[in-house]
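Asks: File query-v3.txt follows (compact mmCIF, C-alpha atoms and all ligand atoms):
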# COMPACT_ATOMS: atom_id res chain seq x y z
CA MET E 1 18.33 31.61 -10.30
CA ILE E 2 19.85 28.12 -10.08
CA ALA E 3 23.56 28.59 -9.34
CA ASP E 4 24.82 25.13 -10.36
CA THR E 5 26.70 25.40 -13.66
CA THR E 6 27.12 21.65 -14.18
CA PHE E 7 23.95 19.85 -15.03
CA GLU E 8 22.50 16.84 -16.74
CA SER E 9 19.81 16.88 -19.37
CA CYS E 10 16.92 14.62 -20.26
CA ASP E 11 13.79 14.51 -22.37
CA VAL E 12 11.29 14.03 -19.56
CA ALA E 13 11.80 14.54 -15.83
CA VAL E 14 9.08 12.87 -13.76
CA LEU E 15 9.03 14.42 -10.28
CA GLY E 16 7.67 12.00 -7.65
CA GLY E 17 8.01 8.21 -7.69
CA GLY E 18 4.60 7.37 -6.20
CA PRO E 19 2.08 5.33 -8.21
CA ALA E 20 1.34 8.16 -10.68
CA GLY E 21 4.95 9.10 -11.41
CA ALA E 22 6.23 5.53 -11.59
CA ALA E 23 3.38 4.47 -13.91
CA CYS E 24 4.01 7.45 -16.18
CA ALA E 25 7.74 6.67 -16.29
CA ILE E 26 6.94 3.07 -17.28
CA ALA E 27 4.64 4.21 -20.10
CA LEU E 28 7.09 6.84 -21.37
CA ALA E 29 10.11 4.54 -21.28
CA ARG E 30 8.21 1.67 -22.94
CA ALA E 31 7.13 4.08 -25.70
CA GLY E 32 10.80 4.82 -26.40
CA VAL E 33 10.82 8.46 -25.27
CA GLY E 34 14.55 9.36 -25.08
CA ARG E 35 15.97 9.83 -21.59
CA VAL E 36 13.34 9.64 -18.84
CA VAL E 37 14.50 10.48 -15.29
CA LEU E 38 12.22 9.64 -12.35
CA CYS E 39 13.15 11.80 -9.34
CA GLU E 40 11.83 10.65 -5.97
CA SER E 41 12.68 12.33 -2.68
CA GLU E 42 12.47 9.16 -0.53
CA GLU E 43 15.21 6.50 -0.57
CA VAL E 44 12.83 3.72 0.57
CA ARG E 45 9.07 3.42 0.26
CA PRO E 46 7.46 4.72 3.48
CA PHE E 47 4.11 3.66 4.98
CA ARG E 48 1.33 5.44 3.08
CA LEU E 49 -2.42 5.27 3.43
CA GLY E 50 -4.39 4.13 0.39
CA GLU E 51 -4.57 0.36 -0.02
CA THR E 52 -7.78 -0.64 -1.79
CA ILE E 53 -7.96 -0.68 -5.57
CA PRO E 54 -11.09 -1.45 -7.58
CA PRO E 55 -11.54 -4.38 -10.01
CA ASP E 56 -11.07 -2.28 -13.16
CA SER E 57 -7.49 -1.51 -12.05
CA ARG E 58 -6.70 -4.90 -13.64
CA ALA E 59 -7.05 -3.43 -17.14
CA LEU E 60 -4.73 -0.52 -16.26
CA LEU E 61 -2.08 -2.81 -14.77
CA ASP E 62 -2.32 -4.93 -17.92
CA ARG E 63 -1.81 -1.90 -20.17
CA LEU E 64 1.22 -0.94 -18.09
CA GLY E 65 2.62 -4.45 -18.61
CA VAL E 66 2.81 -5.21 -14.87
CA LEU E 67 -0.33 -7.32 -14.33
CA ASP E 68 1.41 -10.72 -14.12
CA ALA E 69 4.01 -9.41 -11.67
CA PHE E 70 1.26 -7.73 -9.64
CA LEU E 71 -0.76 -10.96 -9.45
CA ALA E 72 2.35 -12.86 -8.35
CA ASP E 73 2.74 -10.54 -5.34
CA ASP E 74 1.08 -10.98 -1.98
CA HIS E 75 -1.94 -8.71 -2.48
CA MET E 76 -5.31 -9.83 -1.19
CA ALA E 77 -8.66 -10.05 -2.96
CA CYS E 78 -11.23 -7.45 -1.93
CA HIS E 79 -14.78 -8.63 -2.55
CA GLY E 80 -16.56 -5.29 -2.19
CA SER E 81 -17.68 -2.92 0.50
CA CYS E 82 -20.29 -2.61 3.20
CA SER E 83 -21.37 0.62 4.77
CA SER E 84 -23.55 2.11 7.44
CA TRP E 85 -24.17 5.49 5.89
CA GLY E 86 -27.50 7.31 6.09
CA SER E 87 -29.02 4.59 8.28
CA ASP E 88 -28.02 2.33 11.18
CA GLY E 89 -28.14 -0.81 9.03
CA LEU E 90 -25.44 -2.13 6.68
CA GLY E 91 -25.66 -1.88 2.89
CA TYR E 92 -23.51 -4.06 0.62
CA ASN E 93 -21.81 -3.42 -2.72
CA ASP E 94 -20.45 -6.67 -4.11
CA PHE E 95 -17.54 -6.51 -6.59
CA MET E 96 -18.26 -10.04 -7.79
CA LEU E 97 -21.09 -8.67 -9.93
CA ARG E 98 -18.62 -6.48 -11.87
CA PRO E 99 -17.10 -7.67 -15.16
CA TYR E 100 -13.53 -7.67 -13.75
CA GLY E 101 -14.44 -9.61 -10.57
CA HIS E 102 -12.75 -8.66 -7.32
CA GLY E 103 -10.53 -5.70 -6.42
CA TRP E 104 -7.53 -5.84 -4.08
CA HIS E 105 -6.31 -4.85 -0.64
CA ILE E 106 -2.74 -4.08 -1.66
CA ASP E 107 0.55 -4.16 0.16
CA ARG E 108 1.16 -0.51 -0.68
CA PRO E 109 4.98 -0.37 -0.27
CA ARG E 110 5.34 -3.54 -2.36
CA PHE E 111 2.98 -2.13 -5.01
CA GLU E 112 5.06 1.05 -5.28
CA GLU E 113 8.31 -0.97 -5.43
CA LEU E 114 6.86 -3.07 -8.26
CA LEU E 115 6.08 0.05 -10.29
CA LEU E 116 9.54 1.52 -9.65
CA GLU E 117 11.23 -1.76 -10.61
CA ASN E 118 9.26 -1.86 -13.84
CA ALA E 119 10.08 1.77 -14.61
CA ALA E 120 13.79 0.92 -14.28
CA GLN E 121 13.41 -2.25 -16.36
CA ALA E 122 11.64 -0.26 -19.07
CA GLY E 123 14.66 2.07 -19.26
CA ALA E 124 13.76 5.01 -17.01
CA GLU E 125 16.54 6.23 -14.71
CA LEU E 126 15.62 6.27 -11.03
CA TRP E 127 17.05 9.08 -8.93
CA LEU E 128 16.07 8.08 -5.40
CA GLY E 129 16.72 10.60 -2.62
CA ALA E 130 16.36 13.43 -5.16
CA GLN E 131 14.07 16.08 -3.73
CA PHE E 132 12.91 18.64 -6.25
CA ALA E 133 13.63 22.07 -4.75
CA GLY E 134 13.42 24.78 -7.44
CA THR E 135 13.05 25.52 -11.12
CA GLU E 136 13.59 28.11 -13.78
CA ARG E 137 12.37 28.31 -17.37
CA ILE E 138 15.00 27.80 -20.09
CA ASP E 139 14.74 27.70 -23.86
CA GLY E 140 12.94 24.49 -24.78
CA GLY E 141 12.22 23.26 -21.27
CA HIS E 142 12.91 23.69 -17.56
CA ARG E 143 16.02 23.62 -15.34
CA LEU E 144 15.39 21.74 -12.09
CA ALA E 145 17.29 21.96 -8.81
CA PHE E 146 17.30 19.13 -6.25
CA ARG E 147 18.45 18.36 -2.76
CA GLY E 148 20.46 15.16 -3.10
CA ALA E 149 20.93 15.18 -6.89
CA PRO E 150 22.53 17.27 -9.63
CA THR E 151 20.72 20.01 -11.53
CA LEU E 152 18.70 18.58 -14.39
CA GLU E 153 17.45 20.20 -17.58
CA ALA E 154 14.33 18.63 -19.04
CA ARG E 155 12.43 19.26 -22.26
CA PHE E 156 9.26 18.30 -20.40
CA VAL E 157 8.40 18.01 -16.67
CA VAL E 158 5.71 15.75 -15.19
CA ASP E 159 4.75 16.87 -11.68
CA ALA E 160 3.70 13.75 -9.78
CA THR E 161 4.72 15.01 -6.33
CA GLY E 162 1.34 14.23 -4.75
CA CYS E 163 -0.80 16.84 -3.00
CA SER E 164 2.16 19.21 -2.63
CA ALA E 165 2.11 19.78 -6.43
CA ALA E 166 5.61 21.10 -5.86
CA PHE E 167 6.44 21.99 -9.48
CA ALA E 168 2.96 23.09 -10.66
CA ARG E 169 2.56 25.51 -7.78
CA ARG E 170 5.88 27.11 -8.79
CA GLN E 171 4.20 27.66 -12.17
CA GLU E 172 1.53 29.59 -10.26
CA ALA E 173 -1.10 26.89 -10.53
CA GLN E 174 -3.55 27.22 -7.62
CA ARG E 175 -5.47 24.53 -5.76
CA THR E 176 -9.23 25.07 -6.14
CA GLY E 177 -12.23 23.35 -4.53
CA LEU E 178 -10.09 22.64 -1.48
CA ASP E 179 -11.52 20.55 1.37
CA THR E 180 -9.19 18.91 3.87
CA LEU E 181 -10.05 15.94 6.03
CA HIS E 182 -7.94 15.01 9.01
CA CYS E 183 -7.35 11.26 9.22
CA ILE E 184 -6.10 9.15 12.11
CA ALA E 185 -5.23 5.57 11.25
CA ALA E 186 -3.66 2.53 12.87
CA ARG E 187 -2.83 -0.99 11.76
CA PHE E 188 -3.87 -3.91 13.97
CA ARG E 189 -1.74 -7.04 13.84
CA LYS E 190 -2.76 -10.68 13.56
CA ALA E 191 -6.19 -10.47 11.94
CA ALA E 192 -7.88 -13.89 11.81
CA PRO E 193 -7.48 -15.39 8.29
CA GLY E 194 -11.29 -15.63 7.95
CA LEU E 195 -11.86 -11.94 8.69
CA SER E 196 -14.05 -10.12 6.15
CA ARG E 197 -12.40 -9.10 2.88
CA LEU E 198 -14.86 -6.26 2.39
CA THR E 199 -14.00 -2.66 3.09
CA TRP E 200 -16.07 -1.20 5.90
CA LEU E 201 -17.42 2.35 6.13
CA GLU E 202 -19.43 3.71 9.04
CA ALA E 203 -20.70 7.25 9.52
CA VAL E 204 -20.77 8.57 13.10
CA PRO E 205 -21.78 12.03 14.40
CA GLU E 206 -18.13 13.20 14.44
CA GLY E 207 -17.14 11.97 10.95
CA TRP E 208 -16.65 8.50 9.53
CA TRP E 209 -14.68 5.31 10.17
CA TYR E 210 -13.13 3.04 7.56
CA ALA E 211 -11.64 -0.43 7.97
CA SER E 212 -9.85 -2.63 5.49
CA ARG E 213 -7.89 -5.89 5.56
CA LEU E 214 -4.23 -5.65 4.66
CA PRO E 215 -2.02 -8.47 3.41
CA SER E 216 0.03 -10.25 6.10
CA ASP E 217 -3.04 -10.64 8.32
CA ARG E 218 -3.38 -7.05 9.38
CA LEU E 219 -6.36 -4.69 9.62
CA LEU E 220 -6.25 -0.96 8.92
CA VAL E 221 -8.72 1.25 10.76
CA LEU E 222 -9.04 4.95 9.97
CA PHE E 223 -11.11 7.82 11.34
CA ALA E 224 -11.74 10.92 9.21
CA SER E 225 -13.14 14.27 10.23
CA ASP E 226 -12.35 17.98 10.30
CA ALA E 227 -9.21 19.07 12.17
CA ASP E 228 -11.17 21.06 14.79
CA VAL E 229 -13.52 18.12 15.48
CA VAL E 230 -10.51 15.85 15.95
CA ARG E 231 -8.94 18.39 18.29
CA ASP E 232 -12.13 19.12 20.29
CA HIS E 233 -12.80 15.41 20.87
CA GLY E 234 -9.16 14.62 21.60
CA PHE E 235 -9.04 11.91 18.89
CA SER E 236 -5.29 12.40 18.49
CA ASP E 237 -4.90 10.67 21.85
CA PRO E 238 -4.57 6.91 21.11
CA GLU E 239 -6.79 5.89 24.05
CA THR E 240 -9.56 8.32 23.05
CA TRP E 241 -9.30 7.15 19.42
CA LEU E 242 -9.58 3.50 20.49
CA ALA E 243 -12.49 4.23 22.86
CA ALA E 244 -14.36 5.98 20.01
CA LEU E 245 -13.64 2.99 17.74
CA ARG E 246 -15.13 0.68 20.37
CA ARG E 247 -18.30 2.83 20.38
CA THR E 248 -18.95 2.29 16.65
CA ARG E 249 -22.00 0.19 15.85
CA HIS E 250 -20.45 -2.15 13.25
CA ILE E 251 -16.70 -1.70 12.79
CA ARG E 252 -16.01 -2.50 16.44
CA ALA E 253 -17.07 -6.09 15.69
CA LEU E 254 -13.93 -6.50 13.53
CA LEU E 255 -11.80 -5.94 16.63
CA GLU E 256 -12.94 -9.31 17.98
CA HIS E 257 -10.93 -10.92 15.15
CA VAL E 258 -7.63 -9.08 15.63
CA SER E 259 -5.07 -9.13 18.39
CA ASP E 260 -5.23 -6.01 20.53
CA ALA E 261 -1.76 -4.95 19.48
CA HIS E 262 -1.87 -2.03 17.12
CA GLU E 263 0.59 0.57 16.02
CA ARG E 264 0.36 4.04 17.46
CA PRO E 265 -2.35 5.83 15.44
CA ARG E 266 -0.84 8.19 12.85
CA ALA E 267 -2.45 11.44 11.80
CA GLY E 268 -2.41 12.90 8.31
CA ALA E 269 -4.20 15.42 6.17
CA ALA E 270 -6.26 14.28 3.18
CA PRO E 271 -6.92 17.31 1.00
CA SER E 272 -9.20 17.22 -2.01
CA PHE E 273 -8.72 19.85 -4.72
CA CYS E 274 -8.05 20.40 -8.41
CA LEU E 275 -5.40 22.70 -9.89
CA ASP E 276 -6.76 25.61 -11.88
CA ARG E 277 -3.96 24.91 -14.42
CA VAL E 278 -3.19 21.22 -14.87
CA ALA E 279 -0.69 21.72 -17.70
CA GLY E 280 1.36 24.56 -19.16
CA ASP E 281 4.44 25.18 -21.29
CA ASP E 282 6.40 21.92 -21.32
CA TRP E 283 4.88 20.64 -18.07
CA ALA E 284 1.84 18.80 -16.72
CA ALA E 285 0.63 17.69 -13.31
CA LEU E 286 -0.45 14.10 -12.69
CA GLY E 287 -2.18 12.03 -9.99
CA ASP E 288 -2.77 13.79 -6.68
CA ALA E 289 -0.61 16.69 -7.86
CA ALA E 290 -3.25 17.49 -10.48
CA SER E 291 -6.36 16.64 -8.47
CA ALA E 292 -6.96 14.79 -5.23
CA CYS E 293 -10.18 13.19 -3.98
CA ASP E 294 -11.75 12.60 -0.59
CA PRO E 295 -10.43 9.19 0.57
CA VAL E 296 -14.04 8.02 1.05
CA THR E 297 -14.14 7.56 -2.73
CA ALA E 298 -11.07 5.22 -2.74
CA ARG E 299 -10.32 6.18 -6.35
CA GLY E 300 -6.95 7.95 -6.07
CA LEU E 301 -4.80 5.01 -7.21
CA TRP E 302 -7.05 4.20 -10.17
CA LYS E 303 -6.97 7.86 -11.15
CA ALA E 304 -3.16 7.94 -10.81
CA LEU E 305 -2.66 4.92 -13.10
CA SER E 306 -5.25 5.88 -15.72
CA GLY E 307 -4.00 9.48 -15.83
CA ALA E 308 -0.41 8.26 -16.26
CA LEU E 309 -1.31 6.28 -19.38
CA VAL E 310 -3.15 9.21 -20.98
CA LEU E 311 -0.49 11.75 -20.04
CA ALA E 312 2.35 9.58 -21.38
CA ASP E 313 0.74 9.72 -24.84
CA ALA E 314 0.17 13.47 -24.53
CA VAL E 315 3.81 14.08 -23.53
CA GLN E 316 5.05 12.16 -26.57
CA ALA E 317 2.84 14.30 -28.80
CA ALA E 318 4.00 17.51 -27.07
CA LEU E 319 7.66 16.56 -27.57
CA ALA E 320 6.84 16.16 -31.27
CA GLY E 321 5.26 19.64 -31.33
CA ASP E 322 1.55 18.76 -30.98
CA THR E 323 0.10 20.12 -27.73
CA ALA E 324 -3.56 19.34 -28.49
CA PRO E 325 -3.51 16.01 -26.57
CA LEU E 326 -2.00 17.84 -23.58
CA ASP E 327 -4.85 20.36 -23.63
CA ALA E 328 -7.33 17.48 -23.88
CA TYR E 329 -5.66 15.76 -20.91
CA ALA E 330 -5.89 18.93 -18.79
CA GLY E 331 -9.55 19.39 -19.76
CA ALA E 332 -10.33 15.77 -18.86
CA VAL E 333 -8.72 16.16 -15.40
CA ARG E 334 -10.88 19.24 -14.71
CA GLN E 335 -13.99 17.47 -16.03
CA ASP E 336 -13.28 14.42 -13.90
CA PHE E 337 -12.97 16.65 -10.84
CA THR E 338 -16.37 18.23 -11.59
CA THR E 339 -17.87 14.74 -11.79
CA TYR E 340 -16.16 13.84 -8.51
CA LEU E 341 -17.59 16.96 -6.78
CA ALA E 342 -21.11 15.91 -7.79
CA MET E 343 -20.43 12.38 -6.53
CA ARG E 344 -19.09 13.67 -3.19
CA ARG E 345 -22.07 16.02 -2.85
CA ASP E 346 -24.50 13.14 -3.41
CA LEU E 347 -22.61 10.85 -1.03
CA TYR E 348 -22.46 13.28 1.90
CA GLY E 349 -26.04 14.36 1.13
CA LEU E 350 -27.20 10.79 1.87
CA GLU E 351 -26.22 11.07 5.54
CA THR E 352 -28.86 13.19 7.32
CA ARG E 353 -28.95 11.67 10.81
CA TRP E 354 -26.91 14.40 12.55
CA PRO E 355 -27.77 17.72 10.84
CA ASP E 356 -26.40 19.77 13.76
CA ALA E 357 -23.10 17.95 14.18
CA PRO E 358 -20.37 20.31 12.84
CA PHE E 359 -18.78 17.74 10.49
CA TRP E 360 -22.10 16.92 8.76
CA ALA E 361 -23.49 20.47 8.91
CA ARG E 362 -20.41 21.67 6.96
CA ARG E 363 -20.76 18.91 4.38
CA HIS E 364 -24.47 19.70 3.94
CA ALA E 365 -23.74 23.43 3.65
CA SER E 366 -21.29 22.68 0.82
CA VAL E 367 -23.98 20.46 -0.78
CA THR E 368 -26.42 23.38 -0.71
CA ALA E 369 -23.74 25.74 -2.08
C1 LIG Z 401 -6.27 8.55 4.26
C2 LIG Z 401 -6.21 8.19 2.80
C3 LIG Z 401 -6.75 6.99 2.37
C4 LIG Z 401 -6.72 6.66 1.01
N1 LIG Z 401 -7.25 5.47 0.61
C5 LIG Z 401 -7.23 5.16 -0.71
C6 LIG Z 401 -7.72 3.90 -1.15
O1 LIG Z 401 -8.16 3.06 -0.37
N2 LIG Z 401 -7.69 3.65 -2.50
C7 LIG Z 401 -7.19 4.55 -3.40
O2 LIG Z 401 -7.19 4.28 -4.60
N3 LIG Z 401 -6.68 5.72 -2.99
C8 LIG Z 401 -6.68 6.04 -1.68
N4 LIG Z 401 -6.14 7.22 -1.27
C9 LIG Z 401 -5.55 8.13 -2.28
C10 LIG Z 401 -4.21 7.60 -2.82
O3 LIG Z 401 -3.35 7.22 -1.77
C11 LIG Z 401 -3.57 8.70 -3.68
O4 LIG Z 401 -4.52 9.14 -4.63
C12 LIG Z 401 -2.33 8.20 -4.39
O5 LIG Z 401 -1.29 7.98 -3.46
C13 LIG Z 401 -1.87 9.21 -5.44
O6 LIG Z 401 -0.65 8.79 -6.01
P1 LIG Z 401 0.40 9.87 -6.50
O7 LIG Z 401 1.53 9.10 -7.09
O8 LIG Z 401 -0.28 10.90 -7.31
O9 LIG Z 401 0.86 10.64 -5.17
P2 LIG Z 401 1.67 10.09 -3.93
O10 LIG Z 401 1.31 8.68 -3.63
O11 LIG Z 401 1.48 11.11 -2.86
O12 LIG Z 401 3.19 10.10 -4.42
C14 LIG Z 401 3.89 11.31 -4.55
C15 LIG Z 401 5.38 10.98 -4.51
O13 LIG Z 401 6.12 12.18 -4.74
C16 LIG Z 401 7.21 12.23 -3.84
N5 LIG Z 401 7.53 13.64 -3.67
C17 LIG Z 401 6.83 14.59 -3.00
N6 LIG Z 401 7.46 15.77 -3.08
C18 LIG Z 401 8.58 15.58 -3.81
C19 LIG Z 401 9.64 16.44 -4.23
N7 LIG Z 401 9.68 17.74 -3.90
N8 LIG Z 401 10.64 15.91 -4.99
C20 LIG Z 401 10.63 14.58 -5.32
N9 LIG Z 401 9.64 13.72 -4.93
C21 LIG Z 401 8.63 14.22 -4.18
C22 LIG Z 401 6.67 11.55 -2.58
O14 LIG Z 401 7.72 11.07 -1.78
C23 LIG Z 401 5.82 10.44 -3.17
O15 LIG Z 401 6.57 9.27 -3.37
C24 LIG Z 401 -6.14 7.56 0.08
C25 LIG Z 401 -5.58 8.75 0.52
C26 LIG Z 401 -5.61 9.07 1.88
C27 LIG Z 401 -4.98 10.37 2.33
Could I get this structure in the form of structure tokens?

Replies:
Amino acid sequence: MIADTTFESCDVAVLGGGPAGAACAIALARAGVGRVVLCESEEVRPFRLGETIPPDSRALLDRLGVLDAFLADDHMACHGSCSSWGSDGLGYNDFMLRPYGHGWHIDRPRFEELLLENAAQAGAELWLGAQFAGTERIDGGHRLAFRGAPTLEARFVVDATGCSAAFARRQEAQRTGLDTLHCIAARFRKAAPGLSRLTWLEAVPEGWWYASRLPSDRLLVLFASDADVVRDHGFSDPETWLAALRRTRHIRALLEHVSDAHERPRAGAAPSFCLDRVAGDDWAALGDAASACDPVTARGLWKALSGALVLADAVQAALAGDTAPLDAYAGAVRQDFTTYLAMRRDLYGLETRWPDAPFWARRHASVTA
């Protein structure tokens, strides 16, 4: 029971001001949906992994009305990817052959700020430092409790709290299809201006490495594997991580173009899952809260933005009494996750060089299953 007897009320509360929540708040506010409150636990945008967006993001940014502002920012063209996956050689996938041209290596904090600024300009209220902490059902909506903000009653709640799915899981939605990678990443400073603008992917017996340019002449390098493999090989130790990076066949060559200085590698979990219930009575989950993908697919931001546009329309319909679009949205999220599982199965199935290495043996076992 929420004890607070003084509260505010709104039409839609969007929980989580990451890319999904901010984009949804923009679309709702622009559509003229009454009072939209965007509640984000962080006061300032922290460093987050996830910095490459594909060319067709352009159309989504355009539909959100932020494309010109996005292009004016200091993001960097990404011309495609190259990978050593399934063989020792490199294969190339060039974005320039796609109808939208290049993708981008984004300045992630700046990208998130841009979306928040646009949400505010569109008329959404930003509650920064408001951490959603509890909820109870009320007639015609939900009552929400926060750390750092007053109690809020909302006719509809969008859960965009990322993988924590903090609201949806309180509605007894469960995460299904769960696989969790353990990632260790560091940013190198002073990358040479001519350094490749491709993303790099390299499979190794213990997992895979990823490298990507960042704006401001930096290079991000990330290793992904299972938590026990990371622990058994001591990859959490910065020296061991760097030594393993220097043993890669291809990605190590990028290090010749950066200064040695890098931040201390940071570890983080990257779960992939889908909720068994993506929407319910006067609520829906969005972005990583609804379904999260293996970072090897680099599709989380596209999925967050495209889902936000579809959900904003469904929320408007639900507020007007028509829940069919909400059901269709939830079905599409589940269908998209099924498609993603097949894609992940095919991708990991391509790498057969180390059948006995635990990381690959587990991926192949899940392929067989
Ligand atoms: C290692 C790694 C690499 C990745 N690389 C890429 C990539 O190259 N390209 C790509 O497209 N995607 C990538 N992704 C995925 C991408 O980052 C996510 O899909 C994307 O961030 C999802 O956006 P979101 O808004 O749904 O969630 P998030 O970005 O997680 O945002 C959730 C927001 O909710 C807030 N929040 C959480 N709990 C609460 C609460 N209780 N109350 C209020 N606010 C709360 C958080 O502070 C956060 O701001 C990567 C992911 C990982 C882990």

Asks: Collect all residues with atoms no farther than 6 Å from ligand LIG 401 (chain Z), counting all atoms listed in the file, and output them as a PyMOL selection string.

Replies: chain E and resi 15-21+39-42+49-53+130-133+160-162+166+183+270+287-289+295+298-302+304

Asks: With region 60-79 of chain E as the partner and 9 Å as the cut-off, tabulate the residues of region 142-222 of chain E that qualify, each row holding the nearest pair of atoms and their distance in Å to one decimal, using only C-alpha atoms, sorted by chain and rising number, as a tab-separated table.

Replies:
residue	atom	partner	partner_atom	distance
E:Ser196	CA	E:His79	CA	8.9
E:Arg197	CA	E:Cys78	CA	5.2
E:Leu198	CA	E:His79	CA	5.5
E:Thr199	CA	E:Cys78	CA	7.5
E:Ser212	CA	E:Cys78	CA	9.0
E:Arg213	CA	E:Met76	CA	8.2
E:Leu214	CA	E:Met76	CA	7.3
E:Pro215	CA	E:Met76	CA	5.8
E:Ser216	CA	E:Asp74	CA	8.2

Asks: Selection from above, C-alpha atoms, as a compact mmCIF listing (two decimals), keeping the file's coordinate frame, can you write it?

Replies:
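The file below, selection25.txt, is the result:
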# COMPACT_ATOMS: atom_id res chain seq x y z
CA SER E 196 -14.05 -10.12 6.15
CA ARG E 197 -12.40 -9.10 2.88
CA LEU E 198 -14.86 -6.26 2.39
CA THR E 199 -14.00 -2.66 3.09
CA SER E 212 -9.85 -2.63 5.49
CA ARG E 213 -7.89 -5.89 5.56
CA LEU E 214 -4.23 -5.65 4.66
CA PRO E 215 -2.02 -8.47 3.41
CA SER E 216 0.03 -10.25 6.10

Asks: Counting all atoms listed in the file, which residue out of E:Thr323, E:Thr151, E:Thr338, E:Thr135 sits closest to Gln171 (chain E)?

Replies: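 Ranked by minimum distance to Gln171 (chain E), first place goes to E:Thr135.
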
Asks: For Tyr348 (chain E), which of E:Asp294, E:Asp327, E:Asp313, E:Asp88 is the closest residue, counting only C-alpha atoms?

Replies: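 Using only C-alpha atoms, Tyr348 (chain E) sits closest to E:Asp294.
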
Asks: As an exercise, work out the distance from CA of Arg175 (chain E) to CA of Leu275 (chain E) in Å and give it to one decimal place.

Replies: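 Interatomic distance here is 4.5 Å.
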
Asks: Using only C-alpha atoms, can you tell me which of E:Asp217, E:Asp179, E:Glu239, E:Asp322 comes closest to Pro193 (chain E)?

Replies: E:Asp217

Asks: Near region 250-254 of chain E, within 9 Å and counting only C-alpha atoms, which residues show up once chain neighbours fewer than 3 positions away are dropped, as a list in words?

Replies: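 Final neighbour list, sorted by chain and number: Ser83, Ser84, Gly89, Leu90, Ala191, Leu195, Ser196, Trp200, Leu201, Glu202, Trp209, Tyr210, Ala211, Leu219, Val221, Leu245, Arg246, Arg247, His257 and Val258 of chain E.
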
Asks: In Å, rounded to a single decimal, give me how far CA of Ser87 (chain E) is from CA of Ala342 (chain E).

Replies: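 Those two atoms sit 21.2 Å apart.
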
Asks: How far is it from CA of Gly80 (chain E) to CA of Arg266 (chain E), in Å with one decimal?

Replies: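 Value for the CA of Gly80 (chain E)-CA of Arg266 (chain E) distance: 25.6 Å.
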
Asks: Point out the residue among E:Glu112, E:Glu351, E:Asp276, E:Asp11 with the least atom-to-atom distance to Gly177 (chain E), counting only C-alpha atoms.

Replies: E:Asp276

Asks: Which residue is closest to Asp139 (chain E)? Choose from E:Ala154, E:Cys274, E:Leu242, E:Leu114 and count all atoms listed in the file.

Replies: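 Checking each candidate against Asp139 (chain E), we get E:Ala154 as the closest.
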
Asks: For Ser259 (chain E), please output as a VMD selection string all residues within 9 Å (counting only C-alpha atoms; exclusion window: fewer than 3 positions along the same chain).

Replies: chain E and resid 188 to 192 255 to 256 262

Asks: Would you please work out which residue, of E:Arg170, E:Lys303, E:Arg98, E:Arg35, is nearest to Glu153 (chain E) when using only C-alpha atoms?

Replies: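 Under the stated criterion, the closest residue is E:Arg35.
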
Asks: I'd like the neighbourhood of His182 (chain E) as a PyMOL selection string, where a residue qualifies if any of its atoms comes within 9 Å (using all atoms listed in the file), though same-chain residues fewer than 2 positions away should be ignored.

Replies: chain E and resi 180+184+223-228+230+267-271

Asks: Go ahead and write the selection's residues with C-alpha atoms as a PDB file, in the coordinates of the input.

Replies:
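Saved result, part-v4.pdb, follows:
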ATOM      1  CA  THR E 180      -9.190  18.910   3.870  1.00  0.00           C
ATOM      2  CA  ILE E 184      -6.100   9.150  12.110  1.00  0.00           C
ATOM      3  CA  PHE E 223     -11.110   7.820  11.340  1.00  0.00           C
ATOM      4  CA  ALA E 224     -11.740  10.920   9.210  1.00  0.00           C
ATOM      5  CA  SER E 225     -13.140  14.270  10.230  1.00  0.00           C
ATOM      6  CA  ASP E 226     -12.350  17.980  10.300  1.00  0.00           C
ATOM      7  CA  ALA E 227      -9.210  19.070  12.170  1.00  0.00           C
ATOM      8  CA  ASP E 228     -11.170  21.060  14.790  1.00  0.00           C
ATOM      9  CA  VAL E 230     -10.510  15.850  15.950  1.00  0.00           C
ATOM     10  CA  ALA E 267      -2.450  11.440  11.800  1.00  0.00           C
ATOM     11  CA  GLY E 268      -2.410  12.900   8.310  1.00  0.00           C
ATOM     12  CA  ALA E 269      -4.200  15.420   6.170  1.00  0.00           C
ATOM     13  CA  ALA E 270      -6.260  14.280   3.180  1.00  0.00           C
ATOM     14  CA  PRO E 271      -6.920  17.310   1.000  1.00  0.00           C
TER      15      PRO E 271
END

Asks: Taking all atoms of region 115-122 of chain E that the file lists, what box with edges along x, y and z, padded by 5 Å per side, do you get, with centre and edge lengths in Å to one decimal, as lines of an AutoDock Vina configuration file?

Replies:
center_x = 9.9
center_y = -0.2
center_z = -14.4
size_x = 17.7
size_y = 14.0
size_z = 19.4
